[in-house]
Amino acid sequence: MKPEKVYFSLGSNMGNPLDNLLKAVMALQEQVLESWDISGIYQTAALGYTKQEDFLNLVLGGETRHSAEQILEACLAIEQKLGRVRTIRWGPRLIDIDLLMFGTERIETEKLQIPHPRMKERAFVLIPLRELDPGCFAQLKVDLPAQKVDLRFTADDVKIMLKQRYTASSSEEL
């Protein structure tokens with residue numbers, strides 16, 4: 001199987017959202033991605049159910065040789081391992097991992113819809129996606145929704161934080 005380009009949207013607004021995001025990114029890198037790149041981390045107000053804390057969000061892109069179904073299972077397992085409990089739709093969460101795109105495929109199953117059906121409505125997905133891959137964003141031919149999205153950490157900041165975590169976890173193993 002040739003590598004497929006994939007994009008994920010990650011969000012968190014419970015516990016330590018920054019830590020939750022970094023743990024989820026590291027798990028995706030280890031379990032499903034051969035190569036990767038990452039957007040900055042953005043703070044956004046909750047949509048839908050608004051009586052909750054703001055979210056931190058990012059987009060992770062990369063290449064994989066796994067199927068879309070295998071990736072979905074990995075995302076759900078990572079969410080569960082990090083402590084996600086599904087209660088209120090669009091409610092607070094320790095971690096949310098959405099598979100946005102899988103190559104150029106269109107997938108419609110009971111469990112999986114690719115491209116993600118609501119990504120074009122979400123500035124917290126589109127702005128980091130545009131940062132990460134302007135060409136991919138341009139192909140979507142969509143206007144940005146009028147939602148406030150504030151950059152909290154640049155992509156370079158996020159890469160430094162991930163490198164520090166990898167270095168710390170490597171030294172702990174010794």
# chains A, B, ... in the order shown; residues from 1 in each chain; ligands from 1
call {"tool": "residues_around", "arguments": {"residues": "Leu33 (chain A)", "least_positions_apart": "2", "cutoff": "8 Å", "atoms": "only C-alpha atoms", "output": "ChimeraX atom specification"}}
result
/A:28-31,35-36,62-65
call {"tool": "residues_around", "arguments": {"residues": "region 108-119 of chain A", "least_positions_apart": "6", "cutoff": "8 Å", "atoms": "only C-alpha atoms", "output": "ChimeraX atom specification"}}
result
/A:69,72,98-102,125-126
call {"tool": "write_last_selection", "arguments": {"atoms": "N, CA and C atoms", "output": "PDB file, in the first residue's frame"}}
result
ATOM      1  N   GLU A  69     -10.002   2.924   8.146  1.00  0.00           N
ATOM      2  CA  GLU A  69     -10.680   2.223   9.244  1.00  0.00           C
ATOM      3  C   GLU A  69      -9.703   1.926  10.378  1.00  0.00           C
ATOM      4  N   LEU A  72      -9.128   5.173  12.214  1.00  0.00           N
ATOM      5  CA  LEU A  72     -10.261   5.490  13.086  1.00  0.00           C
ATOM      6  C   LEU A  72     -10.174   4.692  14.376  1.00  0.00           C
ATOM      7  N   ASP A  98     -10.328  13.863  15.320  1.00  0.00           N
ATOM      8  CA  ASP A  98     -11.127  13.627  14.120  1.00  0.00           C
ATOM      9  C   ASP A  98     -10.208  13.418  12.928  1.00  0.00           C
ATOM     10  N   LEU A  99     -10.475  12.368  12.172  1.00  0.00           N
ATOM     11  CA  LEU A  99      -9.798  12.152  10.892  1.00  0.00           C
ATOM     12  C   LEU A  99     -10.520  13.020   9.872  1.00  0.00           C
ATOM     13  N   LEU A 100      -9.828  14.028   9.357  1.00  0.00           N
ATOM     14  CA  LEU A 100     -10.448  14.989   8.443  1.00  0.00           C
ATOM     15  C   LEU A 100     -10.453  14.496   7.007  1.00  0.00           C
ATOM     16  N   MET A 101      -9.277  14.049   6.545  1.00  0.00           N
ATOM     17  CA  MET A 101      -9.116  13.620   5.154  1.00  0.00           C
ATOM     18  C   MET A 101      -8.175  12.429   5.098  1.00  0.00           C
ATOM     19  N   PHE A 102      -8.425  11.573   4.117  1.00  0.00           N
ATOM     20  CA  PHE A 102      -7.593  10.403   3.868  1.00  0.00           C
ATOM     21  C   PHE A 102      -7.308  10.376   2.379  1.00  0.00           C
ATOM     22  N   VAL A 125     -10.765  24.284  12.585  1.00  0.00           N
ATOM     23  CA  VAL A 125     -10.158  23.259  11.730  1.00  0.00           C
ATOM     24  C   VAL A 125      -9.510  23.924  10.521  1.00  0.00           C
ATOM     25  N   LEU A 126     -10.233  24.826   9.884  1.00  0.00           N
ATOM     26  CA  LEU A 126      -9.767  25.406   8.622  1.00  0.00           C
ATOM     27  C   LEU A 126      -8.536  26.296   8.773  1.00  0.00           C
TER      28      LEU A 126
END
call {"tool": "select_by_dssp", "arguments": {"residues": "chain A", "states": "helix (DSSP H, G or I)", "output": "MDAnalysis selection string"}}
result
chainID A and resid 17:31 68:81 119:121 123:132 134:140 155:173
call {"tool": "atom_distance", "arguments": {"atom1": "CA of Glu121 (chain A)", "atom2": "CA of Val158 (chain A)"}}
result
25.0 Å
call {"tool": "residues_around", "arguments": {"residues": "region 37-46 of chain A", "least_positions_apart": "3", "cutoff": "10 Å", "atoms": "only C-alpha atoms", "output": "JSON, numbers by chain"}}
result
{"A": [7, 8, 9, 10, 11, 12, 13, 18, 21, 25, 29, 49, 50, 51, 52, 53, 54, 55, 56, 57, 58, 59, 60, 61, 62, 63, 90, 91, 92, 123, 124, 125, 127, 128, 129, 130, 131, 132, 133, 147, 148, 149, 150, 151, 152, 153, 154, 155, 156, 157, 158, 159]}
call {"tool": "select_by_dssp", "arguments": {"residues": "chain A", "states": "strand (DSSP E or B)", "output": "number ranges by chain"}}
result
A: 4-12, 35-38, 41-44, 55-64, 96-102, 107-108, 113-114, 149-153
call {"tool": "atom_distance", "arguments": {"atom1": "CA of Lys5 (chain A)", "atom2": "CA of Gly135 (chain A)"}}
result
12.9 Å
